[in-house]
Amino acid sequence: MRAWLLMSAMFMGTISATQQNATLGDFTKSPTEHIINQIEDPFVVQSVKGVISRQTSGPSEPLQNVLFEIQGPDADREIRRATTDENGRFKIGHVPAGKYRFKATLNGFQSVMGTITVSAKASKNNQIKVAMPVGV
């Protein structure tokens, strides 16, 4: 059985418009982006891969073409990117161990930000799973 790290937007804080400029840094901003949800607990994974879906009260609906970006490790400002496929899956290969900030963005949806710790000690089955709320 796969272990999933599930963070739903229902349990996130929201970043105000005045906080966005400082928080966004070098991340891409969607033309319709007005709300950014912050995931408080970090994902701890061996590799940067996962699934992004639409937040619903029913079954999960994968989201295609979500821009998933990471910045790091730690104070390094390098941005790495991936886009989700038709099943909502993404993968960024060859990511060294360390702490990264991430942002998931798609026009028409609230963006989601948080942190990822890449560690060889994490379970191989841990993946990033993000549910994005509709709305800008």
# chains A, B, ... in the order shown; residues from 1 in each chain; ligands from 1

$ residues_around --residues "region 80-86 of chain A" --least-positions-apart "6" --cutoff "8 Å" --atoms "only C-alpha atoms" --output "PyMOL selection string"
chain A and resi 51-52+62-71+92

$ write_last_selection --atoms "N, CA and C atoms" --output "CSV table (one decimal), in the first residue's frame"
chain,number,residue,atom,x,y,z
A,51,VAL,N,1.2,14.0,-6.9
A,51,VAL,CA,-0.1,14.2,-7.7
A,51,VAL,C,-0.7,15.5,-7.2
A,52,ILE,N,-1.3,16.2,-8.1
A,52,ILE,CA,-2.1,17.4,-7.8
A,52,ILE,C,-3.5,17.2,-8.3
A,62,PRO,N,-7.8,14.6,-10.8
A,62,PRO,CA,-6.5,15.1,-11.2
A,62,PRO,C,-6.5,16.3,-12.0
A,63,LEU,N,-5.5,17.2,-11.8
A,63,LEU,CA,-5.4,18.4,-12.6
A,63,LEU,C,-4.2,18.4,-13.5
A,64,GLN,N,-4.5,18.6,-14.8
A,64,GLN,CA,-3.4,18.6,-15.8
A,64,GLN,C,-2.9,20.0,-16.0
A,65,ASN,N,-1.6,20.2,-16.4
A,65,ASN,CA,-1.0,21.4,-16.7
A,65,ASN,C,-0.8,22.3,-15.5
A,66,VAL,N,-0.7,21.8,-14.3
A,66,VAL,CA,-0.4,22.6,-13.1
A,66,VAL,C,1.2,22.8,-13.1
A,67,LEU,N,1.6,24.0,-12.9
A,67,LEU,CA,3.0,24.3,-12.9
A,67,LEU,C,3.4,24.1,-11.4
A,68,PHE,N,4.4,23.1,-11.2
A,68,PHE,CA,4.9,22.8,-9.9
A,68,PHE,C,6.3,23.2,-9.9
A,69,GLU,N,6.7,24.2,-9.0
A,69,GLU,CA,8.0,24.7,-8.9
A,69,GLU,C,8.6,24.5,-7.5
A,70,ILE,N,9.9,24.2,-7.5
A,70,ILE,CA,10.6,24.2,-6.2
A,70,ILE,C,11.8,25.2,-6.3
A,71,GLN,N,12.1,25.7,-5.1
A,71,GLN,CA,13.3,26.6,-5.0
A,71,GLN,C,14.1,26.2,-3.8
A,92,ILE,N,10.2,15.9,-10.6
A,92,ILE,CA,11.4,16.7,-10.8
A,92,ILE,C,12.6,15.8,-10.4

$ residues_around --residues "Ala97 (chain A)" --least-positions-apart "2" --cutoff "9 Å" --atoms "only C-alpha atoms" --output "list in words"
Gln46, Ser47, Pro73, Val95, Lys99, Thr117, Val118, Ser119 and Ala120 of chain A

$ closest_atom_pairs --of "region 76-121 of chain A" --to "region 55-61 of chain A" --cutoff "12 Å" --atoms "only C-alpha atoms" --output "CSV"
residue,atom,partner,partner_atom,distance
A:Glu86,CA,A:Glu61,CA,10.5
A:Asn87,CA,A:Glu61,CA,8.7
A:Gly88,CA,A:Glu61,CA,8.3
A:Arg89,CA,A:Glu61,CA,11.6
A:Phe109,CA,A:Gln55,CA,9.7
A:Gln110,CA,A:Gln55,CA,10.2
A:Ser111,CA,A:Gln55,CA,11.8
A:Val112,CA,A:Gln55,CA,11.5

$ closest_residue --among "A:Val44, A:Lys91, A:Glu78, A:Ala104" --to "Met132 (chain A)" --atoms "only C-alpha atoms"
A:Ala104

$ select_by_dssp --residues "region 15-102 of chain A" --states "strand (DSSP E or B)" --output "PyMOL selection string"
chain A and resi 15+36-38+43-45+48-54+61-62+67-71+79-83+89-92+98-102

$ closest_residue --among "A:Thr105, A:Ile116, A:Ser123, A:Ile128" --to "His34 (chain A)" --atoms "only C-alpha atoms"
A:Thr105
